[in-house]
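Novice: This is the structure I have questions about; it appears just below.
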Amino acid sequence: MNPEPIVSNPVDDVTYHLKLFSTPELGAPGQEGSLLPLSKPLAVLAYLAVEARAVSRPELVEIFWPGVDGRHGKGSLRQALWSLRKALDPDIFASDDPLELAPGRIETDLDRFRDLVAAGELAEAGTLWTGSLLEGLEFPGAREWRRWVDELRTREERSFGDALAGAADEARKSGDLRTARSRLEL
């Protein structure tokens with residue numbers, strides 16, 4: 001049985017900005033500061049935004065509440081989702097089980113970074129790299145969360161490093177040693 005999607009009113013839709021480089025923050029147009037503290041609800045939102053796919057509730061429970069019995073883990077996830085709906089709006093999810101963010105509702109600096117790298121705008125991409133991804137979102141015992149964050153950091157560092165090295169090599173081959181050096185200094 002396929003769950004019914006949660007339908008939102010596009011007129012009322014707000015696009016939120018999720019900063020993932022350095023200490024994560026969730027912002028909304030016209031509001032100062034983060035809408036959520038460093039917490040599991042913010043981490044759940046970050047996970048869903050980065051994964052950009054429907055995620056089962058059991059998967060989220062295992063990542064964020066490992067070792068907690070099923071009933072308590074499910075209750076903790078429900079509380080986190082309630083916090084997200086309260087801080088953002090009830091229609092932030094396109095589906096409820098599995099969970100998926102409504103399209104276009106969350107923009108991340110990581111998405112922007114990836115777009116800039118793909119377009120070869122490496123200097124501008126470098127300005128977004130203000131620190132390690134998801135700094136400060138640490139949860140004792142959540143080894144799967146820690147593993148996922150470490151893999152995300154490694155993947156993005158490698159991708160950016162490869163792009164910089166490729167751009168430097170292209171500049172060197174064309175005789176533009178100044179650009180080659182600047183790419184390596186990013």
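In the structure tokens, chains take the letters A, B, ... in the order shown, each chain's residues start at 1, and ligands count up from 1 in the order shown.
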Write out as a list in words each polymer residue whose atoms come within 9 Å of Leu45 of chain A, counting only C-alpha atoms; drop sequence neighbours fewer than 6 positions from it.
Specialist: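 My list of contacting residues is Leu18, Leu81, Leu84 and Leu101 of chain A.
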Novice: Can I get the selected residues back with N, CA and C atoms, as a PDB file, in the first residue's frame?
Specialist:
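To be explicit, this is the file written out as again-v6.pdb:
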```
ATOM      1  N   LEU A  18      19.103  25.870   4.592  1.00  0.00           N
ATOM      2  CA  LEU A  18      19.806  25.050   5.566  1.00  0.00           C
ATOM      3  C   LEU A  18      21.299  25.157   5.299  1.00  0.00           C
ATOM      4  N   LEU A  81       9.934  14.985  14.387  1.00  0.00           N
ATOM      5  CA  LEU A  81       9.158  15.436  13.223  1.00  0.00           C
ATOM      6  C   LEU A  81       8.143  16.498  13.619  1.00  0.00           C
ATOM      7  N   LEU A  84       9.977  19.701  13.801  1.00  0.00           N
ATOM      8  CA  LEU A  84      10.239  20.257  12.470  1.00  0.00           C
ATOM      9  C   LEU A  84       8.992  20.916  11.897  1.00  0.00           C
ATOM     10  N   LEU A 101      11.212  15.178   2.011  1.00  0.00           N
ATOM     11  CA  LEU A 101      10.944  16.615   2.051  1.00  0.00           C
ATOM     12  C   LEU A 101      10.162  17.034   0.810  1.00  0.00           C
TER      13      LEU A 101
END
```
Novice: Applying 12 Å and only C-alpha atoms, which residues near segment 65-71 of chain A remain after dropping the ones on its own chain fewer than 4 positions away? List them as a ChimeraX atom specification.
Specialist: /A:40-41,43-44,57-61,75-78,80,139-146
Novice: Mind listing the strand (DSSP E or B) residues of segment 10-181 of chain A, per DSSP on the backbone, as a PyMOL selection string?
Specialist: chain A and resi 16-19+21+25-27+55+93-96+99-101+106-108+133
Novice: With N, CA and C atoms retained, export the selected residues as a JSON list (two decimals), in the first residue's frame.
Specialist:
```
[["chain", "number", "residue", "atom", "x", "y", "z"],
["A", 16, "TYR", "N", 13.14, 27.42, 2.80],
["A", 16, "TYR", "CA", 14.05, 27.58, 3.93],
["A", 16, "TYR", "C", 15.46, 27.31, 3.47],
["A", 17, "HIS", "N", 16.43, 27.96, 4.12],
["A", 17, "HIS", "CA", 17.83, 27.75, 3.78],
["A", 17, "HIS", "C", 18.50, 27.00, 4.92],
["A", 18, "LEU", "N", 19.10, 25.87, 4.59],
["A", 18, "LEU", "CA", 19.81, 25.05, 5.57],
["A", 18, "LEU", "C", 21.30, 25.16, 5.30],
["A", 19, "LYS", "N", 21.99, 25.77, 6.23],
["A", 19, "LYS", "CA", 23.45, 25.92, 6.14],
["A", 19, "LYS", "C", 24.06, 24.67, 6.76],
["A", 21, "PHE", "N", 27.61, 23.76, 6.00],
["A", 21, "PHE", "CA", 29.03, 23.96, 6.24],
["A", 21, "PHE", "C", 29.20, 24.67, 7.57],
["A", 25, "GLU", "N", 22.70, 25.75, 10.49],
["A", 25, "GLU", "CA", 21.66, 26.71, 10.85],
["A", 25, "GLU", "C", 20.54, 26.60, 9.84],
["A", 26, "LEU", "N", 19.32, 26.78, 10.32],
["A", 26, "LEU", "CA", 18.15, 26.76, 9.45],
["A", 26, "LEU", "C", 17.54, 28.15, 9.46],
["A", 27, "GLY", "N", 17.46, 28.76, 8.29],
["A", 27, "GLY", "CA", 16.94, 30.12, 8.18],
["A", 27, "GLY", "C", 15.72, 30.19, 7.29],
["A", 55, "VAL", "N", 13.02, 8.33, 2.93],
["A", 55, "VAL", "CA", 13.76, 7.56, 3.93],
["A", 55, "VAL", "C", 12.74, 6.93, 4.88],
["A", 93, "PHE", "N", 6.89, 18.12, 4.53],
["A", 93, "PHE", "CA", 7.16, 16.79, 3.99],
["A", 93, "PHE", "C", 6.24, 16.49, 2.82],
["A", 94, "ALA", "N", 6.81, 15.89, 1.78],
["A", 94, "ALA", "CA", 6.02, 15.45, 0.62],
["A", 94, "ALA", "C", 5.32, 14.14, 0.94],
["A", 95, "SER", "N", 5.95, 13.32, 1.79],
["A", 95, "SER", "CA", 5.34, 12.07, 2.22],
["A", 95, "SER", "C", 5.74, 11.83, 3.67],
["A", 96, "ASP", "N", 4.91, 11.05, 4.33],
["A", 96, "ASP", "CA", 5.09, 10.84, 5.75],
["A", 96, "ASP", "C", 5.73, 9.49, 6.09],
["A", 99, "LEU", "N", 9.55, 9.04, 4.79],
["A", 99, "LEU", "CA", 9.65, 10.50, 4.89],
["A", 99, "LEU", "C", 10.45, 11.07, 3.73],
["A", 100, "GLU", "N", 9.91, 12.13, 3.18],
["A", 100, "GLU", "CA", 10.60, 12.84, 2.10],
["A", 100, "GLU", "C", 10.22, 14.31, 2.19],
["A", 101, "LEU", "N", 11.21, 15.18, 2.01],
["A", 101, "LEU", "CA", 10.94, 16.61, 2.05],
["A", 101, "LEU", "C", 10.16, 17.03, 0.81],
["A", 106, "ILE", "N", 13.50, 23.18, 0.93],
["A", 106, "ILE", "CA", 14.76, 23.34, 1.65],
["A", 106, "ILE", "C", 15.87, 23.49, 0.63],
["A", 107, "GLU", "N", 16.59, 24.61, 0.71],
["A", 107, "GLU", "CA", 17.80, 24.82, -0.10],
["A", 107, "GLU", "C", 18.97, 24.70, 0.85],
["A", 108, "THR", "N", 20.05, 24.08, 0.39],
["A", 108, "THR", "CA", 21.23, 23.98, 1.25],
["A", 108, "THR", "C", 22.44, 24.64, 0.59],
["A", 133, "LEU", "N", 31.52, 20.10, 7.28],
["A", 133, "LEU", "CA", 30.07, 19.90, 7.22],
["A", 133, "LEU", "C", 29.55, 19.42, 8.57]]
```
Novice: Tell me which of A:Gln79, A:Ser56, A:Thr154, A:Thr127 sits closest to Asp97 of chain A, counting only C-alpha atoms.
Specialist: A:Ser56
Novice: With distances taken over only C-alpha atoms, which of A:Glu62, A:Glu157, A:Glu135, A:Glu170 is nearest to Thr23 of chain A?
Specialist: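 When distances to Thr23 of chain A are compared using only C-alpha atoms, the smallest one comes from A:Glu135.
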Novice: Would you mind reading off the distance between atom CA of Pro90 of chain A and atom CA of Pro103 of chain A, one decimal, in Å?
Specialist: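 If I compute the distance from atom CA of Pro90 of chain A to atom CA of Pro103 of chain A, I get 14.1 Å.
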